[in-house]
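Pasting query-v6.tsv here (TSV, C-alpha atoms):
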chain	number	residue	atom	x	y	z
A	1	MET	CA	176.91	144.86	53.25
A	2	SER	CA	179.12	142.16	54.64
A	3	ALA	CA	182.08	142.66	56.90
A	4	THR	CA	185.41	142.96	55.17
A	5	LEU	CA	186.63	139.57	54.09
A	6	PRO	CA	190.20	138.39	54.32
A	7	ASP	CA	191.83	136.84	51.26
A	8	LEU	CA	189.99	133.51	51.13
A	9	GLN	CA	192.55	131.89	48.85
A	10	GLN	CA	195.02	131.78	51.75
A	11	TYR	CA	192.98	128.87	53.15
A	12	VAL	CA	193.37	126.76	50.01
A	13	GLY	CA	195.76	123.82	49.92
A	14	LYS	CA	196.76	123.66	53.58
A	15	GLU	CA	196.76	120.05	54.73
A	16	PHE	CA	195.04	118.98	57.94
A	17	GLY	CA	195.21	115.59	59.59
A	18	PRO	CA	195.68	112.81	60.10
A	19	PHE	CA	192.19	112.14	61.38
A	20	HIS	CA	191.90	108.59	62.65
A	21	SER	CA	189.03	106.13	63.09
A	22	TRP	CA	187.82	104.95	66.48
A	23	ASP	CA	187.58	101.37	65.22
A	24	PRO	CA	189.16	99.34	62.48
A	25	VAL	CA	186.86	98.29	59.66
A	26	ASN	CA	184.72	95.58	61.19
A	27	ALA	CA	181.90	93.21	60.30
A	28	PRO	CA	179.35	94.41	62.90
A	29	MET	CA	179.47	98.04	61.75
A	30	ILE	CA	179.24	96.86	58.15
A	31	ARG	CA	176.21	94.75	58.96
A	32	HIS	CA	174.48	97.60	60.79
A	33	TRP	CA	175.07	99.83	57.78
A	34	CYS	CA	173.70	97.24	55.36
A	35	GLU	CA	170.62	96.70	57.55
A	36	ALA	CA	169.84	100.42	57.55
A	37	MET	CA	170.47	100.82	53.82
A	38	GLY	CA	168.57	97.65	52.95
A	39	ASP	CA	171.68	96.47	51.13
A	40	THR	CA	171.66	92.69	50.76
A	41	ASN	CA	174.82	92.36	48.65
A	42	PRO	CA	176.33	89.18	50.16
A	43	ILE	CA	179.95	90.32	49.75
A	44	TYR	CA	179.38	92.66	52.69
A	45	THR	CA	178.38	89.93	55.11
A	46	SER	CA	179.81	86.64	53.84
A	47	ASP	CA	183.48	85.75	53.44
A	48	GLN	CA	182.46	82.97	51.08
A	49	ALA	CA	180.42	85.24	48.83
A	50	ALA	CA	183.21	87.81	48.79
A	51	GLN	CA	185.86	85.21	47.97
A	52	ALA	CA	183.71	83.95	45.08
A	53	VAL	CA	184.26	87.32	43.40
A	54	GLU	CA	187.96	87.63	44.19
A	55	HIS	CA	187.96	89.48	47.50
A	56	GLN	CA	190.05	88.02	50.33
A	57	GLN	CA	187.19	88.16	52.84
A	58	LEU	CA	184.01	90.11	53.30
A	59	VAL	CA	184.38	93.78	52.40
A	60	ALA	CA	182.80	97.05	53.44
A	61	PRO	CA	180.41	98.90	51.13
A	62	PRO	CA	182.67	101.46	49.45
A	63	THR	CA	180.16	104.21	50.28
A	64	MET	CA	181.06	103.68	53.96
A	65	LEU	CA	184.40	105.37	53.22
A	66	GLN	CA	183.64	108.43	55.32
A	67	ALA	CA	181.80	106.60	58.09
A	68	TRP	CA	184.87	104.95	59.62
A	69	SER	CA	186.46	108.18	60.79
A	70	MET	CA	183.32	110.03	61.87
A	71	VAL	CA	183.51	111.52	65.36
A	72	GLY	CA	180.32	109.77	66.50
A	73	TYR	CA	178.08	110.40	69.49
A	74	ALA	CA	180.69	112.02	71.72
A	75	GLY	CA	181.78	114.34	68.95
A	76	GLU	CA	185.43	113.64	69.63
A	77	ARG	CA	188.13	112.65	67.21
A	78	ALA	CA	189.88	109.32	67.70
A	79	PRO	CA	193.17	109.33	69.64
A	80	GLY	CA	196.18	110.53	67.70
A	81	SER	CA	194.10	112.76	65.43
A	82	SER	CA	195.07	116.31	64.62
A	83	SER	CA	192.93	119.24	65.55
A	84	GLY	CA	191.85	121.82	63.03
A	85	SER	CA	189.59	121.69	60.03
A	86	ALA	CA	190.06	122.14	56.32
A	87	PHE	CA	186.70	123.92	56.36
A	88	ALA	CA	187.82	126.63	58.83
A	89	VAL	CA	187.09	129.10	56.08
A	90	LEU	CA	183.39	128.43	56.62
A	91	GLU	CA	183.65	129.93	60.12
A	92	VAL	CA	185.37	132.95	58.65
A	93	LEU	CA	182.50	133.36	56.21
A	94	GLU	CA	179.94	132.83	58.95
A	95	ALA	CA	181.48	135.66	60.96
A	96	ALA	CA	181.50	137.83	57.84
A	97	GLY	CA	177.74	137.55	57.40
A	98	TYR	CA	177.21	134.36	55.41
A	99	PRO	CA	175.26	132.14	57.85
A	100	GLY	CA	173.64	129.70	55.44
A	101	VAL	CA	175.24	126.48	54.33
A	102	VAL	CA	174.03	123.82	51.96
A	103	ALA	CA	175.81	120.73	50.65
A	104	VAL	CA	175.99	120.76	46.87
A	105	ASN	CA	178.13	117.85	45.68
A	106	CYS	CA	179.80	114.78	47.09
A	107	GLU	CA	182.20	112.82	44.94
A	108	GLN	CA	183.82	109.66	46.25
A	109	GLU	CA	186.42	107.62	44.39
A	110	TYR	CA	187.49	104.21	45.61
A	111	GLU	CA	190.96	102.81	45.05
A	112	GLN	CA	190.47	99.60	46.97
A	113	TYR	CA	187.79	97.79	48.91
A	114	LEU	CA	188.15	97.97	52.68
A	115	GLN	CA	188.06	94.79	54.72
A	116	PRO	CA	187.88	93.97	58.42
A	117	GLY	CA	191.07	94.94	60.19
A	118	ASP	CA	191.85	97.90	57.97
A	119	GLU	CA	192.62	101.03	59.98
A	120	ILE	CA	191.48	104.08	58.08
A	121	TYR	CA	192.69	107.62	58.50
A	122	TYR	CA	192.37	110.68	56.31
A	123	LYS	CA	193.92	114.01	55.58
A	124	ALA	CA	191.96	116.97	54.33
A	125	GLU	CA	192.45	120.27	52.60
A	126	LEU	CA	190.34	123.07	51.23
A	127	GLU	CA	190.79	122.31	47.56
A	128	SER	CA	189.11	125.41	46.20
A	129	ILE	CA	186.92	128.34	47.04
A	130	SER	CA	185.02	130.26	44.41
A	131	ALA	CA	184.60	133.96	43.87
A	132	GLU	CA	181.40	135.37	45.32
A	133	LYS	CA	178.38	134.05	43.42
A	134	THR	CA	174.66	134.62	43.57
A	135	THR	CA	172.30	131.67	43.29
A	136	ALA	CA	168.60	131.16	43.98
A	137	LEU	CA	169.50	130.74	47.65
A	138	GLY	CA	171.51	133.90	48.05
A	139	THR	CA	175.01	135.24	47.67
A	140	GLY	CA	178.07	133.38	48.83
A	141	PHE	CA	180.92	131.06	48.05
A	142	PHE	CA	181.34	127.48	46.85
A	143	ALA	CA	183.97	125.70	48.94
A	144	THR	CA	185.35	122.23	48.18
A	145	GLU	CA	187.01	120.07	50.81
A	146	LYS	CA	189.12	117.20	49.55
A	147	SER	CA	189.66	114.30	51.94
A	148	THR	CA	192.19	111.61	51.13
A	149	PHE	CA	191.80	108.27	52.90
A	150	TYR	CA	194.60	105.82	53.72
A	151	ASN	CA	194.91	102.45	55.43
A	152	GLN	CA	197.37	101.14	58.03
A	153	ARG	CA	199.98	100.60	55.30
A	154	ASP	CA	199.57	104.23	54.20
A	155	GLU	CA	198.06	103.05	50.93
A	156	LEU	CA	195.58	105.37	49.28
A	157	VAL	CA	192.14	103.76	49.59
A	158	GLY	CA	189.86	106.56	48.42
A	159	THR	CA	189.20	110.25	48.04
A	160	MET	CA	186.19	112.41	48.68
A	161	ARG	CA	185.37	115.88	47.43
A	162	PHE	CA	182.63	117.61	49.35
A	163	ARG	CA	181.35	120.93	48.04
A	164	VAL	CA	179.16	123.33	49.98
A	165	PHE	CA	177.65	126.72	49.27
A	166	LYS	CA	178.12	129.11	52.20
A	167	TYR	CA	175.78	132.02	51.72
A	168	ARG	CA	173.84	135.04	52.88
A	169	PRO	CA	170.19	134.29	52.12
A	170	GLY	CA	168.70	136.32	49.30
A	171	SER	CA	166.30	139.20	49.85
A	172	ARG	CA	163.39	137.01	48.77
A	173	GLU	CA	161.63	135.52	51.77
A	174	ASN	CA	162.22	131.82	52.03
A	175	ALA	CA	158.90	130.14	51.40
A	176	ASP	CA	159.83	126.81	52.91
A	177	GLY	CA	159.87	126.12	56.62
B	1	MET	CA	171.07	88.68	42.86
B	2	ALA	CA	171.43	88.00	39.17
B	3	GLU	CA	174.86	88.43	37.69
B	4	LEU	CA	175.11	91.27	35.25
B	5	ARG	CA	177.33	90.70	32.25
B	6	LEU	CA	179.08	93.41	30.35
B	7	ILE	CA	178.02	91.85	27.07
B	8	ASP	CA	174.37	92.49	27.95
B	9	LEU	CA	174.89	96.22	28.29
B	10	VAL	CA	174.53	98.98	25.78
B	11	VAL	CA	174.42	102.71	26.30
B	12	GLY	CA	170.86	103.53	27.25
B	13	THR	CA	170.21	100.28	29.15
B	14	LYS	CA	167.79	101.18	31.94
B	15	LEU	CA	168.17	100.05	35.52
B	16	PRO	CA	165.00	98.81	37.21
B	17	GLU	CA	163.46	101.52	39.36
B	18	LEU	CA	163.69	101.26	43.13
B	19	SER	CA	161.33	103.10	45.48
B	20	ILE	CA	162.37	103.70	49.05
B	21	ASP	CA	159.97	104.92	51.73
B	22	ILE	CA	161.56	107.75	53.66
B	23	THR	CA	160.69	107.02	57.28
B	24	PRO	CA	162.06	108.49	60.50
B	25	ARG	CA	163.38	104.97	61.12
B	26	LEU	CA	165.43	105.06	57.91
B	27	ILE	CA	166.68	108.62	58.47
B	28	VAL	CA	167.72	107.97	62.08
B	29	GLY	CA	168.94	104.44	61.40
B	30	GLY	CA	171.06	105.61	58.47
B	31	ALA	CA	172.49	108.49	60.48
B	32	ILE	CA	173.48	106.21	63.36
B	33	ALA	CA	174.91	103.54	61.05
B	34	SER	CA	177.09	106.26	59.54
B	35	ARG	CA	177.99	107.69	62.99
B	36	ASP	CA	176.42	111.04	62.12
B	37	TYR	CA	174.81	112.57	65.22
B	38	GLN	CA	174.05	116.01	63.80
B	39	ASN	CA	170.76	116.89	65.42
B	40	VAL	CA	168.93	117.71	62.17
B	41	HIS	CA	169.00	113.99	61.37
B	42	HIS	CA	167.22	112.83	64.55
B	43	ASP	CA	165.69	115.79	66.44
B	44	LYS	CA	162.61	117.35	64.83
B	45	ASP	CA	162.55	120.35	67.18
B	46	ALA	CA	166.19	121.09	66.41
B	47	ALA	CA	165.58	120.71	62.69
B	48	GLN	CA	162.62	123.09	62.85
B	49	ALA	CA	164.62	125.64	64.83
B	50	LEU	CA	166.98	125.71	61.84
B	51	GLY	CA	164.11	126.34	59.43
B	52	SER	CA	163.53	122.80	58.21
B	53	PRO	CA	160.01	121.32	58.40
B	54	ASP	CA	161.31	118.06	59.81
B	55	ILE	CA	164.41	115.90	60.24
B	56	PHE	CA	166.04	114.97	56.96
B	57	MET	CA	168.32	112.28	55.55
B	58	ASN	CA	172.08	112.74	55.91
B	59	ILE	CA	174.42	112.61	52.95
B	60	LEU	CA	176.15	109.41	54.02
B	61	THR	CA	172.82	107.59	53.88
B	62	THR	CA	172.12	109.02	50.45
B	63	ASN	CA	175.53	107.73	49.35
B	64	GLY	CA	174.80	104.34	50.85
B	65	LEU	CA	171.45	104.11	49.08
B	66	VAL	CA	172.97	105.15	45.74
B	67	GLY	CA	175.63	102.46	46.09
B	68	ARG	CA	172.99	99.91	47.00
B	69	TYR	CA	170.78	100.89	44.08
B	70	VAL	CA	173.55	100.31	41.56
B	71	THR	CA	174.96	97.11	43.05
B	72	ASP	CA	171.44	95.66	43.50
B	73	TRP	CA	171.38	95.81	39.74
B	74	ALA	CA	175.00	95.03	38.92
B	75	GLY	CA	175.44	92.13	41.34
B	76	PRO	CA	178.11	91.05	43.82
B	77	ALA	CA	180.92	90.83	41.26
B	78	ALA	CA	180.70	94.55	40.45
B	79	ARG	CA	183.32	96.87	41.92
B	80	LEU	CA	182.29	100.42	42.70
B	81	LYS	CA	184.90	102.90	41.51
B	82	LYS	CA	183.17	106.23	41.94
B	83	VAL	CA	179.97	107.75	43.30
B	84	ASP	CA	179.61	111.37	42.20
B	85	ILE	CA	176.39	113.00	43.35
B	86	ARG	CA	174.70	116.36	43.32
B	87	LEU	CA	172.35	117.02	46.21
B	88	GLY	CA	168.93	118.55	45.74
B	89	ALA	CA	165.68	118.51	47.72
B	90	PRO	CA	165.95	116.96	51.18
B	91	ASN	CA	164.45	113.57	52.00
B	92	PHE	CA	161.85	114.21	54.70
B	93	PRO	CA	159.81	111.60	56.60
B	94	GLY	CA	156.64	110.55	54.83
B	95	ASP	CA	158.13	111.00	51.39
B	96	CYS	CA	159.14	108.28	48.96
B	97	MET	CA	162.27	108.43	46.84
B	98	THR	CA	162.33	106.59	43.54
B	99	PHE	CA	165.64	105.76	41.94
B	100	SER	CA	166.05	105.46	38.21
B	101	GLY	CA	169.19	104.94	36.21
B	102	GLU	CA	170.60	104.43	32.77
B	103	VAL	CA	173.90	103.22	31.37
B	104	GLN	CA	175.75	106.24	30.08
B	105	ALA	CA	178.94	104.57	28.90
B	106	CYS	CA	180.38	101.08	28.86
B	107	ASP	CA	183.84	100.07	27.82
B	108	ASN	CA	184.07	96.41	26.87
B	109	ALA	CA	187.85	96.53	26.89
B	110	THR	CA	188.25	97.73	30.48
B	111	GLY	CA	184.92	96.56	31.95
B	112	GLU	CA	184.18	100.07	33.16
B	113	VAL	CA	180.53	101.10	33.18
B	114	THR	CA	179.16	104.57	33.92
B	115	VAL	CA	175.59	104.80	35.12
B	116	ALA	CA	173.59	108.02	35.41
B	117	ILE	CA	171.25	107.88	38.39
B	118	ALA	CA	168.51	110.03	39.85
B	119	GLY	CA	166.58	109.71	43.09
B	120	ASN	CA	163.39	111.78	43.03
B	121	ASN	CA	160.95	112.57	45.81
B	122	GLN	CA	157.79	114.67	45.76
B	123	LEU	CA	159.84	117.87	45.90
B	124	GLY	CA	161.93	116.91	42.87
B	125	PRO	CA	165.42	115.45	42.58
B	126	HIS	CA	166.96	114.54	45.94
B	127	VAL	CA	170.08	113.20	44.28
B	128	THR	CA	171.41	113.06	40.74
B	129	GLY	CA	174.78	111.95	39.53
B	130	THR	CA	176.90	109.20	38.12
B	131	VAL	CA	178.27	105.96	39.43
B	132	VAL	CA	181.28	104.28	37.85
B	133	LEU	CA	181.68	100.58	38.37
B	134	HIS	CA	183.85	97.84	37.09
B	135	LEU	CA	182.51	94.47	36.04
B	136	LEU	CA	184.71	91.41	36.19
B	137	ALA	CA	185.27	89.92	32.75

When written as structure tokens, how does the structure in this file appear?
Amino acid sequence: MSATLPDLQQYVGKEFGPFHSWDPVNAPMIRHWCEAMGDTNPIYTSDQAAQAVEHQQLVAPPTMLQAWSMVGYAGERAPGSSSGSAFAVLEVLEAAGYPGVVAVNCEQEYEQYLQPGDEIYYKAELESISAEKTTALGTGFFATEKSTFYNQRDELVGTMRFRVFKYRPGSRENADG
Amino acid sequence: MAELRLIDLVVGTKLPELSIDITPRLIVGGAIASRDYQNVHHDKDAAQALGSPDIFMNILTTNGLVGRYVTDWAGPAARLKKVDIRLGAPNFPGDCMTFSGEVQACDNATGEVTVAIAGNNQLGPHVTGTVVLHLLA
């Protein structure tokens, strides 16, 4: 039996943020990313190649969206950022006897390409939390965090929905590990 | 990179496969490039303490590889609009992930193309999902 749970829906829809980036979008971080990913698309490293396909200058891979505002090695948010987390409900579930967590889905939508100089921040909310469900992993809840990313002109540049399953492992012994 | 033209596409067009060796170098390099210092992506002892056999690839790297896979095919003029993925078996060192993909929809009026992709390793699907891109006319 799990501990008594509070009403989880109370966590839905509360906005957290802004969460800022330590650095503006910049060519060196883009190049490091492309090296690691093996991505040789020239629009990420060459102004000329980017301009040939109607960008103003080189652009960042859109999949870097989340990377700009990551806390990094020190684990600290960039100056001016809010505290708090849209996923606070996961700690509530952890305390209530649901220790497992697994990422299920990640959906990113891109409104515009980011280019060097752009200063990215985001706001986040718990978009939804499911009723208790039982899967092959165990029993728990699907929680979706929606992050909305903006630039220095407060223009929407992208959104990300990240869904996790926060669960109490099933009675079957886990065979992996 | 060859330029892909909308006129060449029909639903069912297959993307060339791409196999990626999953090395500690890639897992750690991808994690650092995405500023993700969670220990399960670089510290084998820490990963094992959490019940994982080894370090494993972070989601940002998976996203980056999915984007690369599709734009390798579509070329520099393509604009990514959406990457929507479901996560499956982890990518552990020593494995190899093979991407495959197929055009699911293409709209000649808007230039919007939807590609279904899958990245499989020896455990099964690591990532499945769809990528929406826009091709310049």

Any idea what's packed within 9 Å of range 49-60 of chain B, counting only C-alpha atoms, ignoring anything in its chain fewer than 5 positions away? Could you give it as a ChimeraX atom specification?
/A:63-64,66-67,103,106,176-177 /B:22,24,26-28,30-31,34,36,38-44,65,87,90-93

Expected answer as a ChimeraX atom specification: chain B residues within 8 Å of chain A, only C-alpha atoms:
/B:1,26,29-30,33-37,48,51-53,60-61,63-65,67-68,71-72,75-77,80-88

Any chance you could export the current selection's C-alpha atoms as a compact mmCIF listing (two decimals), in the frame of the given file?
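Below is the file result-v6.txt, written as the result:
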# COMPACT_ATOMS: atom_id res chain seq x y z
CA MET B 1 171.07 88.68 42.86
CA LEU B 26 165.43 105.06 57.91
CA GLY B 29 168.94 104.44 61.40
CA GLY B 30 171.06 105.61 58.47
CA ALA B 33 174.91 103.54 61.05
CA SER B 34 177.09 106.26 59.54
CA ARG B 35 177.99 107.69 62.99
CA ASP B 36 176.42 111.04 62.12
CA TYR B 37 174.81 112.57 65.22
CA GLN B 48 162.62 123.09 62.85
CA GLY B 51 164.11 126.34 59.43
CA SER B 52 163.53 122.80 58.21
CA PRO B 53 160.01 121.32 58.40
CA LEU B 60 176.15 109.41 54.02
CA THR B 61 172.82 107.59 53.88
CA ASN B 63 175.53 107.73 49.35
CA GLY B 64 174.80 104.34 50.85
CA LEU B 65 171.45 104.11 49.08
CA GLY B 67 175.63 102.46 46.09
CA ARG B 68 172.99 99.91 47.00
CA THR B 71 174.96 97.11 43.05
CA ASP B 72 171.44 95.66 43.50
CA GLY B 75 175.44 92.13 41.34
CA PRO B 76 178.11 91.05 43.82
CA ALA B 77 180.92 90.83 41.26
CA LEU B 80 182.29 100.42 42.70
CA LYS B 81 184.90 102.90 41.51
CA LYS B 82 183.17 106.23 41.94
CA VAL B 83 179.97 107.75 43.30
CA ASP B 84 179.61 111.37 42.20
CA ILE B 85 176.39 113.00 43.35
CA ARG B 86 174.70 116.36 43.32
CA LEU B 87 172.35 117.02 46.21
CA GLY B 88 168.93 118.55 45.74

Taking the point (176.3, 130.2, 49.8) as given in the file, collect each protein or nucleic acid residue that comes within 9 Å of it, counting only C-alpha atoms, and present the set as JSON, numbers by chain.
{"A": [98, 99, 100, 101, 102, 132, 133, 134, 135, 137, 138, 139, 140, 141, 142, 143, 164, 165, 166, 167, 168, 169]}

Quote the spacing between CA of Gly97 in chain A and CA of Asp45 in chain B in Å to one decimal place.
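Between CA of Gly97 in chain A and CA of Asp45 in chain B the gap is 24.9 Å.
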
Between CA of Leu136 in chain B and CA of Ile117 in chain B, distance in Å (one decimal):
21.4 Å

Residues near Arg153 in chain A, cut-off 10 Å, only C-alpha atoms, skip fewer than 5 positions along chain, as a list in words
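Near Arg153 in chain A, the qualifying residues are Asp118, Glu119 and Ile120 of chain A.
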
Since the input lacks some atoms of range 15-26 of chain A, please model N, CA and C atoms and print them as a CSV table (one decimal), keeping the file's coordinate frame.
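Okay, rebuild.csv is ready:
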chain,number,residue,atom,x,y,z
A,15,GLU,N,197.2,121.4,54.4
A,15,GLU,CA,196.8,120.0,54.7
A,15,GLU,C,196.5,119.9,56.2
A,16,PHE,N,195.4,119.3,56.6
A,16,PHE,CA,195.0,119.0,57.9
A,16,PHE,C,195.0,117.5,58.1
A,17,GLY,N,195.3,117.0,59.3
A,17,GLY,CA,195.2,115.6,59.6
A,17,GLY,C,196.6,115.1,60.1
A,18,PRO,N,196.7,113.9,60.4
A,18,PRO,CA,195.7,112.8,60.1
A,18,PRO,C,194.5,112.8,61.1
A,19,PHE,N,193.4,112.4,60.6
A,19,PHE,CA,192.2,112.1,61.4
A,19,PHE,C,191.9,110.6,61.4
A,20,HIS,N,192.0,110.1,62.6
A,20,HIS,CA,191.9,108.6,62.6
A,20,HIS,C,190.5,108.1,62.9
A,21,SER,N,190.3,106.8,62.8
A,21,SER,CA,189.0,106.1,63.1
A,21,SER,C,189.1,105.6,64.5
A,22,TRP,N,187.9,105.6,65.1
A,22,TRP,CA,187.8,105.0,66.5
A,22,TRP,C,188.0,103.4,66.4
A,23,ASP,N,187.5,102.8,65.4
A,23,ASP,CA,187.6,101.4,65.2
A,23,ASP,C,188.1,101.0,63.9
A,24,PRO,N,188.8,99.9,63.8
A,24,PRO,CA,189.2,99.3,62.5
A,24,PRO,C,187.9,99.0,61.7
A,25,VAL,N,188.0,98.8,60.5
A,25,VAL,CA,186.9,98.3,59.7
A,25,VAL,C,186.4,97.0,60.3
A,26,ASN,N,185.2,96.8,60.5
A,26,ASN,CA,184.7,95.6,61.2
A,26,ASN,C,183.4,95.1,60.7
